[in-house]
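Have a look at upload-v3.txt below; it lists compact mmCIF, C-alpha atoms.
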# COMPACT_ATOMS: atom_id res chain seq x y z
CA MET R 223 41.71 -8.23 19.52
CA LYS R 224 39.78 -10.20 16.93
CA THR R 225 40.74 -13.80 16.41
CA ARG R 226 41.08 -15.40 13.01
CA GLU R 227 37.73 -17.16 13.52
CA ASP R 228 36.04 -13.83 14.27
CA LYS R 229 37.43 -12.26 11.12
CA VAL R 230 36.34 -15.22 8.98
CA PHE R 231 32.87 -15.17 10.51
CA GLN R 232 32.59 -11.40 9.97
CA ALA R 233 33.75 -11.70 6.35
CA LEU R 234 31.26 -14.48 5.65
CA GLY R 235 28.49 -12.47 7.31
CA HIS R 236 29.26 -9.39 5.25
CA THR R 237 29.41 -11.47 2.07
CA LEU R 238 26.07 -13.11 2.80
CA MET R 239 24.38 -9.79 3.60
CA THR R 240 25.84 -8.24 0.46
CA VAL R 241 24.45 -11.06 -1.69
CA LEU R 242 21.02 -10.84 -0.03
CA SER R 243 20.95 -7.06 -0.38
CA LEU R 244 21.88 -7.22 -4.05
CA SER R 245 19.25 -9.89 -4.67
CA ALA R 246 16.65 -7.46 -3.30
CA VAL R 247 17.93 -4.28 -4.95
CA ILE R 248 18.90 -5.54 -8.42
CA PRO R 249 15.35 -6.56 -9.49
CA VAL R 250 14.05 -3.13 -8.47
CA ILE R 251 16.78 -1.37 -10.44
CA LEU R 252 16.08 -3.59 -13.46
CA MET R 253 12.37 -2.81 -13.19
CA ILE R 254 12.97 0.95 -13.17
CA ILE R 255 15.41 0.77 -16.08
CA SER R 256 12.97 -1.40 -18.03
CA SER R 257 10.21 1.16 -17.50
CA LEU R 258 12.52 3.76 -19.08
CA THR R 259 13.36 1.55 -22.06
CA ASP R 260 11.77 1.80 -25.48
CA ASN R 261 9.10 -0.89 -25.84
CA GLU R 262 10.40 -2.23 -29.17
CA ALA R 263 13.97 -2.34 -27.87
CA LEU R 264 12.80 -4.25 -24.81
CA LEU R 265 10.93 -6.80 -26.91
CA GLN R 266 13.85 -7.31 -29.28
CA ASN R 267 16.76 -7.33 -26.83
CA GLY R 268 15.09 -8.41 -23.60
CA TYR R 269 15.63 -6.89 -20.17
CA SER R 270 18.95 -5.13 -19.77
CA PHE R 271 20.67 -2.75 -17.40
CA PHE R 272 22.05 -0.92 -20.44
CA PRO R 273 19.17 -0.59 -22.95
CA SER R 274 19.92 0.37 -26.54
CA GLN R 275 17.19 3.01 -26.52
CA TRP R 276 15.69 4.99 -23.67
CA SER R 277 12.10 6.19 -23.66
CA LEU R 278 9.53 7.79 -21.34
CA TYR R 279 6.62 6.73 -23.52
CA ALA R 280 5.31 4.19 -20.98
CA TYR R 281 4.86 6.91 -18.34
CA GLN R 282 3.51 9.28 -20.98
CA TRP R 283 0.90 6.73 -22.01
CA VAL R 284 -0.18 6.10 -18.39
CA PHE R 285 -0.64 9.80 -17.61
CA ASP R 286 -2.02 10.84 -21.00
CA SER R 287 -4.67 8.13 -21.03
CA ASN R 288 -5.44 8.06 -17.29
CA GLY R 289 -3.71 11.11 -15.79
CA THR R 290 -6.62 12.45 -13.73
CA VAL R 291 -7.59 8.98 -12.54
CA VAL R 292 -4.00 8.17 -11.55
CA MET R 293 -3.64 11.35 -9.49
CA ARG R 294 -6.97 10.73 -7.75
CA ALA R 295 -5.92 7.16 -7.00
CA TYR R 296 -2.64 8.45 -5.54
CA GLY R 297 -4.59 10.83 -3.33
CA ILE R 298 -6.86 8.05 -2.08
CA SER R 299 -3.84 5.83 -1.38
CA VAL R 300 -2.10 8.59 0.59
CA LEU R 301 -5.25 9.32 2.60
CA LEU R 302 -5.91 5.63 3.20
CA THR R 303 -2.34 4.96 4.32
CA ALA R 304 -2.21 7.98 6.63
CA VAL R 305 -5.59 7.39 8.29
CA GLY R 306 -5.18 3.60 8.49
CA THR R 307 -1.71 3.83 9.99
CA ALA R 308 -2.75 6.41 12.58
CA LEU R 309 -5.83 4.46 13.68
CA SER R 310 -3.93 1.17 13.80
CA LEU R 311 -1.25 2.68 16.01
CA LEU R 312 -3.94 4.24 18.19
CA MET R 313 -5.37 0.77 18.86
CA THR R 314 -2.17 -1.28 18.90
CA THR R 315 -0.10 0.85 21.27
CA PRO R 316 -2.43 0.92 24.32
CA LEU R 317 -3.18 -2.79 24.01
CA ALA R 318 0.51 -3.68 23.76
CA TYR R 319 1.33 -1.43 26.73
CA GLY R 320 -1.39 -3.07 28.81
CA LEU R 321 -0.19 -6.57 27.95
CA SER R 322 3.35 -5.60 28.99
CA LYS R 323 2.19 -4.92 32.58
CA PRO R 324 2.75 -8.04 34.76
CA LYS R 325 -0.05 -7.06 37.18
CA LEU R 326 -2.71 -6.68 34.47
CA PRO R 327 -5.74 -8.86 35.39
CA TRP R 328 -6.29 -11.75 33.00
CA ARG R 329 -3.05 -10.86 31.24
CA GLY R 330 -2.35 -14.45 30.18
CA ALA R 331 -5.84 -14.95 28.78
CA LEU R 332 -5.72 -11.67 26.85
CA THR R 333 -2.29 -12.49 25.42
CA PHE R 334 -3.54 -15.91 24.32
CA TYR R 335 -6.61 -14.29 22.75
CA VAL R 336 -4.37 -11.95 20.71
CA PHE R 337 -2.02 -14.79 19.74
CA PHE R 338 -4.96 -17.02 18.76
CA THR R 339 -5.93 -14.57 15.99
CA MET R 340 -2.54 -15.20 14.37
CA LEU R 341 -3.51 -18.82 13.83
CA PHE R 342 -7.20 -18.70 12.92
CA ASN R 343 -9.64 -16.29 11.29
CA GLY R 344 -13.26 -16.30 10.20
CA GLY R 345 -12.57 -16.96 6.53
CA LEU R 346 -13.30 -14.86 3.46
CA VAL R 347 -17.05 -15.50 3.09
CA PRO R 348 -18.09 -14.81 6.74
CA THR R 349 -15.79 -11.78 6.76
CA TYR R 350 -17.35 -10.41 3.58
CA ILE R 351 -20.87 -10.96 4.91
CA ASN R 352 -20.08 -9.21 8.20
CA TYR R 353 -18.41 -6.19 6.62
CA THR R 354 -21.07 -5.69 3.96
CA SER R 355 -24.20 -6.56 5.97
CA VAL R 356 -23.27 -5.38 9.47
CA PHE R 357 -20.76 -2.60 8.87
CA GLY R 358 -22.00 -1.55 5.42
CA VAL R 359 -18.57 -0.85 3.93
CA LYS R 360 -19.47 -1.97 0.41
CA ASP R 361 -18.73 0.70 -2.23
CA THR R 362 -17.44 3.18 0.36
CA PHE R 363 -14.02 4.43 1.44
CA TYR R 364 -14.45 2.36 4.59
CA GLY R 365 -14.28 -0.74 2.42
CA LEU R 366 -10.59 0.06 1.93
CA LEU R 367 -9.99 1.15 5.53
CA VAL R 368 -11.98 -0.99 7.96
CA PRO R 369 -11.18 -4.60 6.89
CA SER R 370 -7.45 -3.96 7.41
CA LEU R 371 -7.92 -1.79 10.50
CA LEU R 372 -8.28 -4.65 12.97
CA MET R 373 -5.15 -4.92 15.05
CA ASN R 374 -2.49 -7.24 13.71
CA ALA R 375 -1.55 -9.70 16.45
CA PHE R 376 2.09 -9.83 15.34
CA ASN R 377 2.39 -6.04 15.66
CA VAL R 378 0.79 -6.11 19.11
CA LEU R 379 3.15 -8.80 20.39
CA LEU R 380 6.15 -7.07 18.79
CA MET R 381 5.34 -3.78 20.50
CA LYS R 382 4.57 -5.56 23.75
CA SER R 383 8.05 -7.13 23.67
CA TYR R 384 9.56 -3.70 23.10
CA PHE R 385 7.75 -2.22 26.10
CA VAL R 386 9.07 -5.11 28.23
CA ALA R 387 12.67 -5.08 26.97
CA GLY R 388 13.20 -1.50 25.73
CA VAL R 389 11.43 0.58 28.37
CA PRO R 390 13.02 0.13 31.84
CA ASN R 391 10.44 -0.71 34.47
CA GLU R 392 12.31 1.48 36.97
CA ILE R 393 11.47 4.60 34.94
CA LEU R 394 7.80 3.67 34.85
CA GLU R 395 7.80 3.06 38.60
CA ALA R 396 9.48 6.43 39.15
CA ALA R 397 6.72 8.11 37.19
CA ASN R 398 4.11 6.35 39.32
CA ILE R 399 5.89 7.42 42.51
CA ASP R 400 5.82 11.01 41.26
CA GLY R 401 2.05 10.78 41.04
CA ALA R 402 1.56 10.06 37.34
CA SER R 403 -1.45 7.97 36.46
CA GLU R 404 -1.10 4.88 34.29
CA MET R 405 -2.41 6.80 31.30
CA ARG R 406 -0.02 9.69 31.90
CA THR R 407 2.87 7.26 32.32
CA MET R 408 2.06 5.58 29.02
CA VAL R 409 1.63 8.84 27.07
CA SER R 410 4.47 10.85 28.60
CA VAL R 411 7.07 8.16 29.38
CA ALA R 412 6.52 4.83 27.65
CA ILE R 413 5.41 6.01 24.20
CA PRO R 414 8.24 8.57 23.72
CA MET R 415 10.75 5.86 24.63
CA ALA R 416 9.10 3.46 22.19
CA LYS R 417 9.42 5.72 19.12
CA PRO R 418 11.66 3.25 17.24
CA MET R 419 9.09 0.48 17.61
CA ILE R 420 6.21 2.80 16.78
CA ALA R 421 8.05 3.80 13.59
CA THR R 422 8.57 0.11 12.80
CA ILE R 423 4.89 -0.75 13.27
CA ALA R 424 3.91 2.34 11.28
CA MET R 425 6.12 1.10 8.44
CA PHE R 426 4.55 -2.35 8.53
CA VAL R 427 1.00 -1.01 8.58
CA GLY R 428 1.69 1.75 6.06
CA ILE R 429 3.20 -0.64 3.52
CA ALA R 430 0.29 -3.04 4.02
CA TYR R 431 -2.26 -0.29 3.34
CA TRP R 432 -0.32 1.12 0.41
CA ASN R 433 0.13 -2.26 -1.28
CA ASP R 434 -3.35 -3.55 -0.53
CA TRP R 435 -5.51 -4.20 -3.59
CA ASN R 436 -7.64 -7.04 -2.24
CA ASN R 437 -10.07 -4.86 -0.26
CA GLY R 438 -10.78 -2.65 -3.25
CA PHE R 439 -11.19 -5.70 -5.46
CA ILE R 440 -13.74 -7.25 -3.08
CA TYR R 441 -15.66 -4.29 -1.63
CA LEU R 442 -15.57 -1.67 -4.43
CA LEU R 443 -17.82 -3.07 -7.12
CA LYS R 444 -19.42 0.13 -8.50
CA ARG R 445 -17.38 2.97 -6.95
CA THR R 446 -14.28 2.61 -9.11
CA ASP R 447 -13.61 6.30 -8.42
CA LEU R 448 -12.50 5.16 -4.93
CA PHE R 449 -9.79 2.88 -6.29
CA SER R 450 -6.39 3.16 -4.66
CA ILE R 451 -3.30 3.28 -6.86
CA GLN R 452 -2.84 -0.49 -6.56
CA ASN R 453 -6.46 -1.16 -7.57
CA LEU R 454 -6.15 1.22 -10.49
CA LEU R 455 -2.92 -0.29 -11.76
CA ASN R 456 -4.43 -3.75 -11.43
CA ARG R 457 -7.47 -2.64 -13.45
CA LEU R 458 -5.26 -1.11 -16.15
CA MET R 459 -3.32 -4.35 -16.39
CA GLN R 460 -6.58 -6.28 -16.76
CA ASN R 461 -7.72 -3.93 -19.53
CA ILE R 462 -4.44 -4.39 -21.41
CA GLN R 463 -4.73 -8.15 -21.03
CA MET R 464 -8.30 -8.05 -22.32
CA LEU R 465 -7.21 -6.05 -25.39
CA ALA R 466 -4.41 -8.53 -26.02
CA THR R 467 -6.81 -11.48 -25.75
CA ASN R 468 -9.39 -9.98 -28.10
CA SER R 469 -7.05 -8.22 -30.53
CA GLN R 470 -7.50 -10.88 -33.20
CA GLN R 471 -11.28 -10.80 -32.98
CA VAL R 472 -11.92 -7.06 -32.76
CA SER R 473 -10.12 -4.74 -35.14
CA ASN R 474 -10.48 -1.69 -32.86
CA ALA R 475 -8.92 -3.64 -30.01
CA GLY R 476 -5.95 -4.48 -32.22
CA GLU R 477 -5.51 -0.82 -33.16
CA GLY R 478 -5.69 0.25 -29.54
CA LEU R 479 -3.29 -2.46 -28.42
CA ALA R 480 -0.73 -1.39 -31.01
CA LYS R 481 -0.47 2.02 -29.33
CA ILE R 482 0.13 0.55 -25.88
CA PRO R 483 3.75 -0.19 -24.87
CA GLN R 484 2.69 -3.46 -23.28
CA ALA R 485 6.07 -4.58 -21.93
CA THR R 486 7.33 -1.27 -20.58
CA VAL R 487 3.96 -0.06 -19.27
CA ARG R 488 3.87 -3.00 -16.85
CA MET R 489 7.23 -1.93 -15.47
CA ALA R 490 6.09 1.70 -15.32
CA MET R 491 2.97 0.74 -13.37
CA ALA R 492 4.99 -1.33 -10.91
CA THR R 493 7.43 1.56 -10.47
CA LEU R 494 4.59 4.02 -9.84
CA GLY R 495 3.22 1.63 -7.23
CA ILE R 496 6.41 1.33 -5.16
CA LEU R 497 7.88 4.80 -5.73
CA PRO R 498 6.41 6.44 -2.59
CA ILE R 499 7.67 3.56 -0.40
CA MET R 500 11.16 3.99 -1.87
CA VAL R 501 11.05 7.70 -1.02
CA VAL R 502 9.72 7.35 2.53
CA TYR R 503 11.71 4.33 3.74
CA PRO R 504 15.16 6.01 3.91
CA MET R 505 13.68 8.67 6.18
CA ILE R 506 12.71 6.17 8.88
CA GLN R 507 15.31 3.48 8.26
CA LYS R 508 17.26 4.25 11.44
CA ASN R 509 14.22 3.86 13.71
CA PHE R 510 13.02 0.89 11.68
CA VAL R 511 16.26 -1.07 12.20
CA LYS R 512 16.44 -0.16 15.89
CA GLY R 513 12.83 -1.15 16.45
CA ILE R 514 13.26 -4.52 14.77
CA THR R 515 16.45 -5.20 16.77
CA LEU R 516 15.04 -4.36 20.18
CA GLY R 517 11.53 -5.62 19.46
CA GLY R 518 12.89 -9.06 18.71
CA VAL R 519 14.13 -9.40 22.32
CA LYS R 520 11.51 -11.36 24.20
CA GLY R 521 10.86 -10.30 27.74

Show me this structure written as structure tokens.
Amino acid sequence: MKTREDKVFQALGHTLMTVLSLSAVIPVILMIISSLTDNEALLQNGYSFFPSQWSLYAYQWVFDSNGTVVMRAYGISVLLTAVGTALSLLMTTPLAYGLSKPKLPWRGALTFYVFFTMLFNGGLVPTYINYTSVFGVKDTFYGLLVPSLLMNAFNVLLMKSYFVAGVPNEILEAANIDGASEMRTMVSVAIPMAKPMIATIAMFVGIAYWNDWNNGFIYLLKRTDLFSIQNLLNRLMQNIQMLATNSQQVSNAGEGLAKIPQATVRMAMATLGILPIMVVYPMIQKNFVKGITLGGVKG
């Protein structure tokens, strides 16, 4: 039987979550609607959920002027996200499982070493020198993959907490009694039971790879054909801005700028950038929520 205080608390909680959810969803809906609005109508009437005139010209302009490049950039982003996520999980999971074992030698020192990387890093210049001079990732696909491939300490500690709190130690001991090695126990017992957390980490890493534009901006100087979708959209935005800046000085720039739906094309580019995430997230939402819930329990 719920008391009056419980009902009030529940109502306030639902109200707060509704407001927070709407504050996250409404801007995305407005962005998509704006990308489907006629450019002139958007400039005259401003952003609206009920535009006076609909139009697909922004998407038409993006694909007509850069269709092949956009599709190639999508392919690179998909490949980068898939490979980067798989390799990151391959490194993060065994390390997190090892740190979850109380009898691991030097467990405290290793945990501190992982945690220390959350607080300090080498800085941009030393990192750039190492990756370009030592690893040679400049103007290669590895320039997009390798700099973000190093294990994220937060993900390691999150998965380690899940192994401690979400995988009963009695089951692992039973597997050892039955003759399973530590590797077999991890692969056949611990990892299948940690699927929610693995899906959560995969979501974190996948979104990071998909949204990353910094690596391409820094390491891809000549090989623009290796641009991911985020790098390409960023370059298109820079080109539009350059045309807008020089439109009064160069007549051809002014003519080209007049054909570009400047306001709506920005919304279209942003929509193209987040569309795959919006499609994939509902498929793993259940595991994502469960992983976050259980992974937050510190053991």

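Among the candidates R:Phe334, R:Trp435, R:Tyr319, R:Tyr350, the one nearest to R:Val409 when counting all atoms listed in the file is R:Tyr319.
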
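Shortest atom-to-atom contact with R:Gly365 among R:Leu302, R:Ala402, R:Leu379, R:Met313: R:Leu302, counting all atoms listed in the file.
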
Legend entry - Length of the atom CA of R:Ala492 to atom CA of R:Leu442 vector [Å]: 21.6 Å

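Nearest to R:Thr446 of all the residues R:Ile496, R:Ile399, R:Val241, R:Ala295 is R:Ala295, based on only C-alpha atoms.
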
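You can rank R:Leu346, R:Met459, R:Phe271, R:Leu326 by their closest distance to R:Ala485 using only C-alpha atoms, and at the top of that list sits R:Met459.
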
Legend entry - Using all atoms listed in the file: which of R:Tyr384, R:Ser257, R:Pro324, R:Val378 has the shortest distance to R:Val284: R:Ser257

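Point (-10.3, 4.1, -17.7) has the following residues at most 9 Å away: Ser287, Asn288, Val291, Leu454, Arg457, Leu458 and Asn461 of chain R (atoms considered: all atoms listed in the file).
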
Could you dump the residues just selected with C-alpha atoms as an mmCIF file, in the coordinates of the input?
data_model
loop_
_atom_site.group_PDB
_atom_site.id
_atom_site.type_symbol
_atom_site.label_atom_id
_atom_site.label_comp_id
_atom_site.auth_asym_id
_atom_site.auth_seq_id
_atom_site.Cartn_x
_atom_site.Cartn_y
_atom_site.Cartn_z
ATOM 1 C CA SER R 287 -4.670 8.130 -21.030
ATOM 2 C CA ASN R 288 -5.440 8.060 -17.290
ATOM 3 C CA VAL R 291 -7.590 8.980 -12.540
ATOM 4 C CA LEU R 454 -6.150 1.220 -10.490
ATOM 5 C CA ARG R 457 -7.470 -2.640 -13.450
ATOM 6 C CA LEU R 458 -5.260 -1.110 -16.150
ATOM 7 C CA ASN R 461 -7.720 -3.930 -19.530
#

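Closest approach to R:Met340 among R:Phe272, R:Tyr279, R:Phe376, R:Trp432: R:Phe376, based on only C-alpha atoms.
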
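Straight-line separation from atom CA of R:Gln282 to atom CA of R:Phe449: 20.8 Å.
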
Where is the centre and how long are the edges: axis-aligned box on stretch 366-383 of chain R, 4 Å on each side, Å to one decimal, as lines of an AutoDock Vina configuration file:
center_x = -2.0
center_y = -4.3
center_z = 12.8
size_x = 28.0
size_y = 19.0
size_z = 29.8

Inset, instruction - Would you work out the distance separating atom CA of R:Pro249 from atom CA of R:Trp283, expressed in Å to one decimal? - result: 23.3 Å

Inset, instruction - Could you please give me, as a PyMOL selection string, the residues of protein, DNA or RNA lying at most 12 Å from (15.6, -3.4, -20.1) in the coordinate frame of the file, considering only C-alpha atoms? - result: chain R and resi 249-277+485-486+489-490

Legend entry - Shell around R:Leu309 at 12 Å using all atoms listed in the file, local window under 3 positions removed, as a list in words: Leu302, Thr303, Ala304, Val305, Gly306, Leu312, Met313, Thr314, Thr315, Pro316, Leu367, Val368, Ser370, Leu371, Leu372, Met373, Ile423, Ala424, Val427, Gly428 and Tyr431 of chain R

Can I get stretch 344-359 of chain R with N, CA and C atoms filled in, as a PDB file, in the coordinates of the input?
ATOM      1  N   GLY R 344     -11.908 -15.900  10.565  1.00  0.00           N
ATOM      2  CA  GLY R 344     -13.260 -16.300  10.200  1.00  0.00           C
ATOM      3  C   GLY R 344     -13.426 -16.785   8.785  1.00  0.00           C
ATOM      4  N   GLY R 345     -12.442 -16.560   7.930  1.00  0.00           N
ATOM      5  CA  GLY R 345     -12.570 -16.960   6.530  1.00  0.00           C
ATOM      6  C   GLY R 345     -13.123 -15.827   5.683  1.00  0.00           C
ATOM      7  N   LEU R 346     -12.950 -15.950   4.380  1.00  0.00           N
ATOM      8  CA  LEU R 346     -13.300 -14.860   3.460  1.00  0.00           C
ATOM      9  C   LEU R 346     -14.805 -14.619   3.406  1.00  0.00           C
ATOM     10  N   VAL R 347     -15.602 -15.675   3.266  1.00  0.00           N
ATOM     11  CA  VAL R 347     -17.050 -15.500   3.090  1.00  0.00           C
ATOM     12  C   VAL R 347     -17.706 -14.900   4.336  1.00  0.00           C
ATOM     13  N   PRO R 348     -17.498 -15.451   5.548  1.00  0.00           N
ATOM     14  CA  PRO R 348     -18.090 -14.810   6.740  1.00  0.00           C
ATOM     15  C   PRO R 348     -17.596 -13.380   6.930  1.00  0.00           C
ATOM     16  N   THR R 349     -16.320 -13.142   6.630  1.00  0.00           N
ATOM     17  CA  THR R 349     -15.790 -11.780   6.760  1.00  0.00           C
ATOM     18  C   THR R 349     -16.490 -10.835   5.816  1.00  0.00           C
ATOM     19  N   TYR R 350     -16.665 -11.260   4.575  1.00  0.00           N
ATOM     20  CA  TYR R 350     -17.350 -10.410   3.580  1.00  0.00           C
ATOM     21  C   TYR R 350     -18.789 -10.131   4.003  1.00  0.00           C
ATOM     22  N   ILE R 351     -19.484 -11.148   4.490  1.00  0.00           N
ATOM     23  CA  ILE R 351     -20.870 -10.960   4.910  1.00  0.00           C
ATOM     24  C   ILE R 351     -20.977  -9.986   6.075  1.00  0.00           C
ATOM     25  N   ASN R 352     -20.062 -10.106   7.039  1.00  0.00           N
ATOM     26  CA  ASN R 352     -20.080  -9.210   8.200  1.00  0.00           C
ATOM     27  C   ASN R 352     -19.806  -7.761   7.797  1.00  0.00           C
ATOM     28  N   TYR R 353     -18.778  -7.563   6.980  1.00  0.00           N
ATOM     29  CA  TYR R 353     -18.410  -6.190   6.620  1.00  0.00           C
ATOM     30  C   TYR R 353     -19.453  -5.527   5.727  1.00  0.00           C
ATOM     31  N   THR R 354     -20.091  -6.291   4.867  1.00  0.00           N
ATOM     32  CA  THR R 354     -21.070  -5.690   3.960  1.00  0.00           C
ATOM     33  C   THR R 354     -22.453  -5.569   4.610  1.00  0.00           C
ATOM     34  N   SER R 355     -22.853  -6.567   5.384  1.00  0.00           N
ATOM     35  CA  SER R 355     -24.200  -6.560   5.970  1.00  0.00           C
ATOM     36  C   SER R 355     -24.260  -5.799   7.292  1.00  0.00           C
ATOM     37  N   VAL R 356     -23.249  -5.996   8.139  1.00  0.00           N
ATOM     38  CA  VAL R 356     -23.270  -5.380   9.470  1.00  0.00           C
ATOM     39  C   VAL R 356     -22.643  -3.985   9.446  1.00  0.00           C
ATOM     40  N   PHE R 357     -21.467  -3.876   8.865  1.00  0.00           N
ATOM     41  CA  PHE R 357     -20.760  -2.600   8.870  1.00  0.00           C
ATOM     42  C   PHE R 357     -21.068  -1.738   7.647  1.00  0.00           C
ATOM     43  N   GLY R 358     -21.598  -2.320   6.598  1.00  0.00           N
ATOM     44  CA  GLY R 358     -22.000  -1.550   5.420  1.00  0.00           C
ATOM     45  C   GLY R 358     -20.864  -0.828   4.728  1.00  0.00           C
ATOM     46  N   VAL R 359     -19.738  -1.503   4.531  1.00  0.00           N
ATOM     47  CA  VAL R 359     -18.570  -0.850   3.930  1.00  0.00           C
ATOM     48  C   VAL R 359     -18.531  -0.995   2.420  1.00  0.00           C
TER      49      VAL R 359
END
